[in-house]
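Novice: Once you've had a glance at the structure underneath, I'll fire off some questions.
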Amino acid sequence: MTLTTAPVPGSTAPGTGPAGRPGRSSARTTASHYLIWVVTLVLVVGPVVPIVLASLWSTPLYRSGGHVTLDNYRDLLTDPAWWGAVGNSLAFAGLTTVLSVLFGVGAAVLLTRTNIPWRRLFAGVLVLPVVLPGLVLIVGWMAMWAPSGFVSSWLTVNTVLAFPIDLYTMPGMALVATSVAAPVVFLFCRTTVLAVDSSLEDAARSAGAGPLRALVSVTVPLLRPAVLNSALLVFAVSFEVLGLPLILGFSNDITLVSTYLYDNWINASPPRQGLVSAGAVFLLACVSGLLVVRNRLVGDAARYTTVTGKATAKRVVDLGPAGWPLAALVAAVLGVLVVVPLVGVVMTAFTTILTPLIAPWSVLTMENFGAVFANPIWVESIRNSLLIATVGGLLTTLAIAVVSVVAHRSDFRFRGSLQQAVLWPRMMPGLVTGMAFFWAFAILDPGGALRSSLWALGLAFAVRSLALGYGVFYPALAAIGQDLDRAARTSGATWWQATVTVSLRLTAPAMGACFVLLFVSMLNDADPAVFLVTDRTPVMGLTMLQLAATSTGGAVAAFGVVQMLITVVVLGAGRLFLGVRAHA
Amino acid sequence: MPDLTLTKVAKSFGDNTVLHELDLHVRDGELFTLLGPSGCGKSTTLWSIAGLHSPDGGMIAFGDRVVFDGGKVDLPPERRNCGVVFQSYAVWPHLTVHDNVAYPLKLRKVGRRERAARVHEVLELVELDHLAGRHPHELSGGQQQRVALARALAHPPDLLLLDEPFSNLDAKLRERARLWLRRLQQRIGVTTVFVTHDQDEALSMSDRIVVMDQGRVRQIGTPEEIYQQPADLFVADFVGTVNVLGGRVVPGRDGVAHISLDGLGDPIAVPAVPGAADEVRLAVRPEQIVVHPTGVAGPGAVNVVTTQVLSQAFLGDHYRYVVGLGTAELVVRTAAPVDHDAELTLELPPAAFRVFPAG
Ligand SMILES: Nc1ncnc2c1ncn2[C@@H]1O[C@H](COP(=O)(O)OP(=O)(O)OP(=O)(O)O)[C@@H](O)[C@H]1O
Ligand SMILES: [Mg+2]
């Protein structure tokens with residue numbers, strides 16, 4: 001033996017300490033896994049129990065009396081309006097999903113792996129809608145592209161062109177929804193595209209494929225899990241979305257599932273809470289079916305592990321002269337979908353009236369903003385939302401990261417159920433999540449102390465955003481080869497040490513992206529608040545929804561501009577944060 | 001350094017049994033190689049030793065420290081004190097070379113000063129101390145692999161486990177890496193388990209080799225034993241090139257065994273035939289067949305045959321001829337070209353043959 005084998009002083013193996021306590025650290029790890037599992041299931045699945053109870057009970061749960069009944073289900077399933085709503089929602093969600101996947105995947109490949117001009121700018125503009133409050137964008141769409149909107153009427157009056165789609169119809173609604181949903185697909189796929197090992201493409205190129213061909217034949221198929229995950233998410237979100245049909249579906253009486261449930265709870269008298277709960281249960285059954293399908297299609301996640309311990313550099317495909325026409329096309333699409341509506345909101349906010357007949361600069365005003373800040377409820381809802389988004393976003397990001405590593409990087413016996421548990425809540429309409437927590441608080445917290453605090457809303461928002469955050473975080477985790485963890489374990493790290501110093505450290509950029517998305521989503525979320533909000537806990541999203549559904553005009557747009565400003569500031573910081581990449 | 005004992009280690013994935021009650025003993029300080037075709041369970045064995053997954057049964061002990069015993073003991077990987085080099089290297093991309101190597105030491109709470117000294121020492125050992133500040137993406141494949149090795153050696157480990165560490169290197173580099181690793185291992189004296197499916201690698205580096213097939217041990221022995229006295233046809237065929245000839249035992253002539261081959265007049269004399277087999281298979285390595293360029297064998301030569309040359313090839317350091325022996329084909333090699341008239345005179349020394357029962 002030579003000097004190199006002499007043990008380093010004080011370097012006993014972590015496990016070779018005092019005998020008689022074998023497996024203590026791994027017992028602690030297992031215990032922590034169980035704890036995480038129980039908490040997740042209680043928060044995610046727990047609230048569903050009261051909904052099921054409420055759907056099977058003849059009176060609302062907060063009242064005494066009542067008995068078990070199936071009447072709620074009979075009423076629901078024999079209501080033609082319900083089936084009409086389901087059909088409409090399917091059509092709307094299907095159309096939105098198809099359009100979003102087309103736009104999103106195309107953009108992900110074009111903007112991250114080719115040298116198309118202005119690709120950073122395009123990417124920035126494209127993701128604006130997903131991070132800006134959706135309702136604000138709808139206000140902008142109405143101001144500009146509605147049949148009587150500023151740009152569409154200007155086109156009709158001054159040119160032979162006309163905006164081909166009526167916003168107040170199903171395709172119009174789907175188009176508006178696509179402008180919000182396509183960036184979601186884009187973000188999912190971009191994470192994966194960036195993680196794909198270029199040597200895979202090099203392999204295809206060496207087999208005789210051109211650079212573009214290699215990109216399309218190697219990288220695009222590797223996007224399958226990201227596309228499936230995001231398509232499912234878009235479908236579910238479009239299926240549940242409340243604000244958009246409430247605002248745009250109103251004039252042609254297009255009822256979706258969400259507006260059906262909303263009407264029967266809020267506007268029916270007496271409120272048909274049992275029937276609405278039955279509708280929620282019915283949706284959950286469908287959604288569980290969707291999840292099974294997803295698992296079949298996505299298959300073993302390990303097959304898509306494409307980043308190994310070997311570090312390689314990233315390359316970009318040269319489009320040549322085709323770059324400029326493609327760039328013009330992308331610019332036109334983004335202009336219609338994003339830029340014009342956003343300009344519309346700003347113009348509405350700063351004018352007393354917006355029409356092509358009067359020059360906007362002649363009617364400039366700041367009055368609308370004065371109105372916003374003079375209203376104590378609006379001011380308070382801004383403050384509340386900021387608090388929920390910051391604290392909630394941070395805690396939820398951590399929760400998602402921890403749950404994901406337990407679900408995908410441990411030997412924990414029930415990790416499969418954890419993977420399902422994170423995806424599941426997003427399938428629930430936000431309305432239903434709100435309702436679930438409403439019933440849960442009604443039973444567990446009759447005094448209402450928790451329910452009247454911001455924590456109640458924060459919890460509902462957090463559970464609802466789990467899948468969104470997971471969708472951003474998981475592909476990054478899957479892209480990190482498991483040998484990197486294993487190397488840490490064999491170096492002497494416990495499961496938690498290996499997780500913190502390797503998996504979580506390497507996914508820090510994804511956590512940053514996750515936080516930014518969660519922040520914005522929680523800042524602007526409205527649907528779950530419908531049932532949970534109290535006079536003392538107004539939040540921005542719901543305030544905006546109530547405004548947009550009942551009135552139009554400058555004050556709403558001004559409130560929207562404030563919402564956008566906050567979001568943009570956070571995003572700016574986020575970009576800085578995301579700019580910090582691991583050396584990978 | 002402890003030795004390593006595996007007793008009846010079994011592992012299945014679903015109904016696919018990957019390890020069938022494997023028994024192995026690796027001696028203190030030796031370089032022990034697991035050799036076998038792809039999918040035979042080499043990595044599974046290595047991972048069971050490292051604690052990266054649990055076998056279904058059996059026992060694993062480092063010296064007298066039992067790290068796995070059925071359901072009773074199952075130390076997690078961090079408590080086994082192994083150094084592992086993965087096929088993918090698994091060098092952490094967010095840490096510098098120095099920090100990669102320092103990681104196991106930090107976990108063991110080694111003081112800052114000693115840590116720096118030890119990292120320097122190990123990096124010097126793998127000839128990378130001048131690159132300590134670099135990140136992995138600034139290194140070549142061979143350098144990354146040496147970082148992985150340095151990291152595995154840092155603690156220092158009780159056992160060094162290497163899973164095809166050279167499979168990502170090119171042939172030249174691989175050959176150098178072999179020599180280098182072998183010298184390093186001998187210098188440190190660490191008990192090492194080495195996984196490869198490359199027979200040259202196994203033969204040139206190992207103290208002993210186990211040849212595995214479908215989760216079973218075929219033979220354990222030194223490289224010479226494995227090559228010269230393969231226990232069965234699988235080993236003979238998997239390690240090196242071998243001619244396999246089918247034949248029948250011809251009873252009772254001169255007290256030596258004789259085998260008649262299809263289409264060959266005289267039977268061939270071979271060493272003793274194991275058991276009472278009737279049908280047998282003969283294995284003979286090409287380089288042990290003697291070629292007589294003049295067409296005349298020396299006095300006392302046995303098994304001299306004249307054969308038809310079917311094809312010939314120049315392979316750089318030798319010439320290779322395929323000849324017809326009865327109805328079978330035989331590969332032979334010579335250092336110099338043979339001037340032949342489509343015929344070669346061969347001598348097949350009885351000692352060159354290994355006889356196995358057919359089937
Ligand atoms: N996680 C797993 N699940 C199911 N089967 C597995 C798993 N890991 C390995 N196997 C199977 O176990 C068998 C042995 O695998 P192992 O990785 O040990 O082979 P190997 O000898 O290392 O092969 P190679 O030289 O190709 O690395 C293979 O048939 C493989 O399909
Ligand atoms: Mg292997």
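Chain identifiers are assigned as A, B, and so on, following the order in which chains appear in the structure tokens; residues are numbered from 1 within each chain, and ligands are numbered from 1 in order of appearance.
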Can I get the residues close to ligand 1 as an MDAnalysis selection string, where close means within 10 Å and we count only C-alpha atoms and all ligand atoms?

Specialist: (chainID A and resid 302) or (chainID B and resid 11:19 34:48 53 87 163:164 167 195:198 212:215)

Novice: Near chain A, meaning an atom within 8 Å, which residues of chain B appear when counting only C-alpha atoms? Write them as an MDAnalysis selection string.

Specialist: chainID B and resid 50 52 73:86 88:94 103:105 107:110 114 118 121:122 135:137 141 144 151:152 155:156 187:190

Novice: Write out, as a compact mmCIF listing (two decimals), in the first residue's frame, the residues just selected, with N, CA and C atoms.

Specialist:
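For reference, out_17.txt as written:
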```
# COMPACT_ATOMS: atom_id res chain seq x y z
N ALA B 50 -22.86 -2.03 -5.15
CA ALA B 50 -22.81 -0.62 -4.76
C ALA B 50 -24.01 -0.20 -3.92
N LEU B 52 -27.06 0.27 -5.26
CA LEU B 52 -27.96 1.12 -6.05
C LEU B 52 -29.29 0.43 -6.31
N VAL B 73 -30.38 -7.18 6.25
CA VAL B 73 -29.46 -6.05 6.15
C VAL B 73 -29.52 -5.52 4.73
N ASP B 74 -29.60 -4.22 4.59
CA ASP B 74 -29.49 -3.62 3.26
C ASP B 74 -28.98 -2.20 3.42
N LEU B 75 -27.66 -2.06 3.48
CA LEU B 75 -27.10 -0.73 3.65
C LEU B 75 -27.35 0.09 2.39
N PRO B 76 -27.77 1.35 2.57
CA PRO B 76 -27.92 2.22 1.40
C PRO B 76 -26.54 2.54 0.81
N PRO B 77 -26.49 2.96 -0.44
CA PRO B 77 -25.20 3.16 -1.12
C PRO B 77 -24.25 4.08 -0.36
N GLU B 78 -24.81 5.11 0.30
CA GLU B 78 -23.93 6.08 0.95
C GLU B 78 -23.20 5.48 2.15
N ARG B 79 -23.64 4.31 2.62
CA ARG B 79 -22.98 3.72 3.78
C ARG B 79 -22.09 2.54 3.39
N ARG B 80 -21.93 2.32 2.11
CA ARG B 80 -21.12 1.17 1.70
C ARG B 80 -19.67 1.55 1.42
N ASN B 81 -19.44 2.85 1.22
CA ASN B 81 -18.08 3.33 0.98
C ASN B 81 -17.42 2.70 -0.24
N CYS B 82 -18.16 2.67 -1.33
CA CYS B 82 -17.59 2.22 -2.60
C CYS B 82 -17.24 3.46 -3.42
N GLY B 83 -16.31 3.30 -4.35
CA GLY B 83 -16.11 4.33 -5.35
C GLY B 83 -16.62 3.77 -6.67
N VAL B 84 -17.51 4.49 -7.33
CA VAL B 84 -18.12 3.95 -8.55
C VAL B 84 -17.84 4.87 -9.72
N VAL B 85 -17.39 4.30 -10.84
CA VAL B 85 -17.28 5.07 -12.08
C VAL B 85 -18.34 4.54 -13.03
N PHE B 86 -19.24 5.42 -13.44
CA PHE B 86 -20.34 5.01 -14.29
C PHE B 86 -19.95 5.09 -15.76
N SER B 88 -21.54 6.46 -18.02
CA SER B 88 -21.78 7.82 -18.53
C SER B 88 -20.89 8.84 -17.82
N TYR B 89 -19.96 8.36 -16.99
CA TYR B 89 -19.07 9.19 -16.16
C TYR B 89 -19.83 9.87 -15.03
N ALA B 90 -21.02 10.47 -15.36
CA ALA B 90 -21.80 11.14 -14.32
C ALA B 90 -20.97 12.15 -13.55
N VAL B 91 -20.19 12.92 -14.26
CA VAL B 91 -19.47 14.04 -13.64
C VAL B 91 -20.46 15.19 -13.52
N TRP B 92 -20.55 15.78 -12.34
CA TRP B 92 -21.57 16.82 -12.15
C TRP B 92 -21.22 18.08 -12.92
N PRO B 93 -22.10 18.49 -13.83
CA PRO B 93 -21.76 19.59 -14.72
C PRO B 93 -21.69 20.95 -14.03
N HIS B 94 -22.31 21.08 -12.85
CA HIS B 94 -22.33 22.40 -12.21
C HIS B 94 -21.13 22.60 -11.29
N TYR B 103 -16.27 16.55 -3.36
CA TYR B 103 -17.62 16.25 -2.85
C TYR B 103 -17.66 15.11 -1.83
N PRO B 104 -17.09 13.95 -2.14
CA PRO B 104 -17.14 12.87 -1.14
C PRO B 104 -16.42 13.25 0.15
N LEU B 105 -15.42 14.10 0.04
CA LEU B 105 -14.67 14.49 1.24
C LEU B 105 -15.49 15.44 2.10
N LEU B 107 -18.69 15.48 2.31
CA LEU B 107 -19.72 14.69 2.98
C LEU B 107 -19.14 14.00 4.21
N ARG B 108 -17.86 13.71 4.17
CA ARG B 108 -17.23 13.05 5.30
C ARG B 108 -16.63 14.04 6.27
N LYS B 109 -16.95 15.30 6.07
CA LYS B 109 -16.55 16.37 6.99
C LYS B 109 -15.04 16.44 7.18
N VAL B 110 -14.31 16.22 6.10
CA VAL B 110 -12.86 16.36 6.15
C VAL B 110 -12.53 17.85 6.17
N GLU B 114 -6.98 19.56 4.79
CA GLU B 114 -6.74 18.17 4.37
C GLU B 114 -7.47 17.86 3.07
N ARG B 118 -5.86 16.43 -0.22
CA ARG B 118 -6.27 15.13 -0.76
C ARG B 118 -6.75 15.27 -2.22
N GLU B 121 -3.83 15.58 -4.37
CA GLU B 121 -3.13 14.31 -4.47
C GLU B 121 -3.83 13.37 -5.47
N VAL B 122 -5.15 13.29 -5.36
CA VAL B 122 -5.89 12.38 -6.24
C VAL B 122 -5.86 12.89 -7.67
N HIS B 135 -14.66 23.43 -15.65
CA HIS B 135 -15.94 22.74 -15.56
C HIS B 135 -15.93 21.57 -16.53
N PRO B 136 -16.76 20.55 -16.25
CA PRO B 136 -16.72 19.33 -17.07
C PRO B 136 -16.91 19.58 -18.57
N HIS B 137 -17.74 20.59 -18.93
CA HIS B 137 -17.97 20.78 -20.36
C HIS B 137 -16.74 21.33 -21.07
N GLY B 141 -13.62 13.77 -23.43
CA GLY B 141 -14.22 12.57 -22.87
C GLY B 141 -13.27 11.83 -21.94
N GLN B 144 -12.89 13.70 -18.70
CA GLN B 144 -14.07 13.56 -17.84
C GLN B 144 -14.05 12.21 -17.13
N ARG B 151 -12.81 11.12 -8.52
CA ARG B 151 -13.88 11.28 -7.54
C ARG B 151 -14.15 9.97 -6.81
N ALA B 152 -14.08 8.87 -7.57
CA ALA B 152 -14.35 7.58 -6.96
C ALA B 152 -13.25 7.16 -6.00
N HIS B 155 -12.34 9.29 -1.42
CA HIS B 155 -12.71 9.18 0.02
C HIS B 155 -11.66 8.61 0.95
N PRO B 156 -10.87 7.63 0.77
CA PRO B 156 -10.79 6.66 -0.32
C PRO B 156 -11.77 5.51 -0.09
N ARG B 187 -0.77 0.27 -8.04
CA ARG B 187 -0.07 1.17 -7.14
C ARG B 187 -0.89 1.40 -5.88
N ILE B 188 -2.19 1.66 -6.03
CA ILE B 188 -3.03 1.94 -4.87
C ILE B 188 -3.40 0.67 -4.13
N GLY B 189 -3.53 -0.42 -4.86
CA GLY B 189 -3.87 -1.67 -4.23
C GLY B 189 -5.32 -1.77 -3.81
N VAL B 190 -6.18 -1.00 -4.46
CA VAL B 190 -7.58 -1.04 -4.07
C VAL B 190 -8.28 -2.24 -4.73
```

Novice: Pick out the residues sitting within 9 Å of Val193 of chain A, and hand them over as a list in words; count only C-alpha atoms, and ignore anything fewer than 2 positions along from it in its own chain.

Specialist: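 Those residues are Ala108, Val109, Thr112, Arg113, Cys189, Arg190, Thr191, Ala195, Val196, Asp197, Thr219, Val220, Leu222 and Leu223 of chain A.
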
Novice: Pull N, CA, C and O atoms from the residues just selected and write them as a PDB file, in the first residue's frame.

Specialist:
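What follows is the written file result34.pdb:
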```
ATOM      1  N   ALA A 108     -41.393  26.499 -30.609  1.00  0.00           N
ATOM      2  CA  ALA A 108     -40.322  25.981 -29.747  1.00  0.00           C
ATOM      3  C   ALA A 108     -39.110  25.581 -30.585  1.00  0.00           C
ATOM      4  O   ALA A 108     -37.973  25.882 -30.242  1.00  0.00           O
ATOM      5  N   VAL A 109     -39.375  24.900 -31.695  1.00  0.00           N
ATOM      6  CA  VAL A 109     -38.264  24.455 -32.534  1.00  0.00           C
ATOM      7  C   VAL A 109     -37.639  25.644 -33.271  1.00  0.00           C
ATOM      8  O   VAL A 109     -36.424  25.838 -33.262  1.00  0.00           O
ATOM      9  N   THR A 112     -35.803  28.214 -30.759  1.00  0.00           N
ATOM     10  CA  THR A 112     -34.684  27.828 -29.897  1.00  0.00           C
ATOM     11  C   THR A 112     -33.563  27.131 -30.660  1.00  0.00           C
ATOM     12  O   THR A 112     -32.431  27.148 -30.226  1.00  0.00           O
ATOM     13  N   ARG A 113     -33.892  26.477 -31.787  1.00  0.00           N
ATOM     14  CA  ARG A 113     -32.854  25.687 -32.428  1.00  0.00           C
ATOM     15  C   ARG A 113     -32.521  26.131 -33.855  1.00  0.00           C
ATOM     16  O   ARG A 113     -31.798  25.459 -34.549  1.00  0.00           O
ATOM     17  N   CYS A 189     -42.155  22.741 -24.296  1.00  0.00           N
ATOM     18  CA  CYS A 189     -41.300  22.111 -25.290  1.00  0.00           C
ATOM     19  C   CYS A 189     -39.913  22.746 -25.299  1.00  0.00           C
ATOM     20  O   CYS A 189     -38.920  22.066 -25.545  1.00  0.00           O
ATOM     21  N   ARG A 190     -39.850  24.036 -25.016  1.00  0.00           N
ATOM     22  CA  ARG A 190     -38.553  24.686 -25.061  1.00  0.00           C
ATOM     23  C   ARG A 190     -37.598  24.072 -24.043  1.00  0.00           C
ATOM     24  O   ARG A 190     -36.434  23.817 -24.336  1.00  0.00           O
ATOM     25  N   THR A 191     -38.116  23.801 -22.853  1.00  0.00           N
ATOM     26  CA  THR A 191     -37.270  23.187 -21.828  1.00  0.00           C
ATOM     27  C   THR A 191     -36.664  21.890 -22.354  1.00  0.00           C
ATOM     28  O   THR A 191     -35.487  21.620 -22.173  1.00  0.00           O
ATOM     29  N   ALA A 195     -32.759  20.799 -23.604  1.00  0.00           N
ATOM     30  CA  ALA A 195     -32.080  19.727 -22.874  1.00  0.00           C
ATOM     31  C   ALA A 195     -31.613  18.601 -23.787  1.00  0.00           C
ATOM     32  O   ALA A 195     -30.829  17.765 -23.386  1.00  0.00           O
ATOM     33  N   VAL A 196     -32.121  18.597 -25.038  1.00  0.00           N
ATOM     34  CA  VAL A 196     -31.750  17.507 -25.936  1.00  0.00           C
ATOM     35  C   VAL A 196     -30.259  17.574 -26.259  1.00  0.00           C
ATOM     36  O   VAL A 196     -29.722  18.622 -26.583  1.00  0.00           O
ATOM     37  N   ASP A 197     -29.630  16.461 -26.120  1.00  0.00           N
ATOM     38  CA  ASP A 197     -28.204  16.348 -26.385  1.00  0.00           C
ATOM     39  C   ASP A 197     -27.945  16.516 -27.880  1.00  0.00           C
ATOM     40  O   ASP A 197     -28.475  15.763 -28.684  1.00  0.00           O
ATOM     41  N   THR A 219     -35.079  15.574 -32.751  1.00  0.00           N
ATOM     42  CA  THR A 219     -35.484  16.372 -31.608  1.00  0.00           C
ATOM     43  C   THR A 219     -36.996  16.436 -31.456  1.00  0.00           C
ATOM     44  O   THR A 219     -37.519  16.329 -30.356  1.00  0.00           O
ATOM     45  N   VAL A 220     -37.696  16.583 -32.593  1.00  0.00           N
ATOM     46  CA  VAL A 220     -39.152  16.711 -32.499  1.00  0.00           C
ATOM     47  C   VAL A 220     -39.806  15.474 -31.863  1.00  0.00           C
ATOM     48  O   VAL A 220     -40.645  15.614 -30.977  1.00  0.00           O
ATOM     49  N   LEU A 222     -38.528  13.588 -29.689  1.00  0.00           N
ATOM     50  CA  LEU A 222     -38.190  13.595 -28.263  1.00  0.00           C
ATOM     51  C   LEU A 222     -39.101  14.543 -27.485  1.00  0.00           C
ATOM     52  O   LEU A 222     -39.151  14.519 -26.275  1.00  0.00           O
ATOM     53  N   LEU A 223     -39.817  15.406 -28.230  1.00  0.00           N
ATOM     54  CA  LEU A 223     -40.723  16.350 -27.585  1.00  0.00           C
ATOM     55  C   LEU A 223     -42.020  15.686 -27.150  1.00  0.00           C
ATOM     56  O   LEU A 223     -42.832  16.304 -26.487  1.00  0.00           O
TER      57      LEU A 223
END
```

Novice: With a distance cut-off of 7 Å and only C-alpha atoms, select the neighbouring residues of segment 121-129 of chain A, excluding the residue or stretch itself and same-chain residues fewer than 6 positions from it, and output the selection as a list in words.

Specialist: Leu111, Ser179, Val180, Pro183, Leu334 and Val338 of chain A

Novice: If we count only C-alpha atoms and set the cut-off at 12 Å, which residues sit around His258 of chain B, ignoring sequence neighbours fewer than 4 positions away in its own chain? Please answer as a PyMOL selection string.

Specialist: chain B and resi 247-254+266-273+278-280+282+302-303+350+353+355
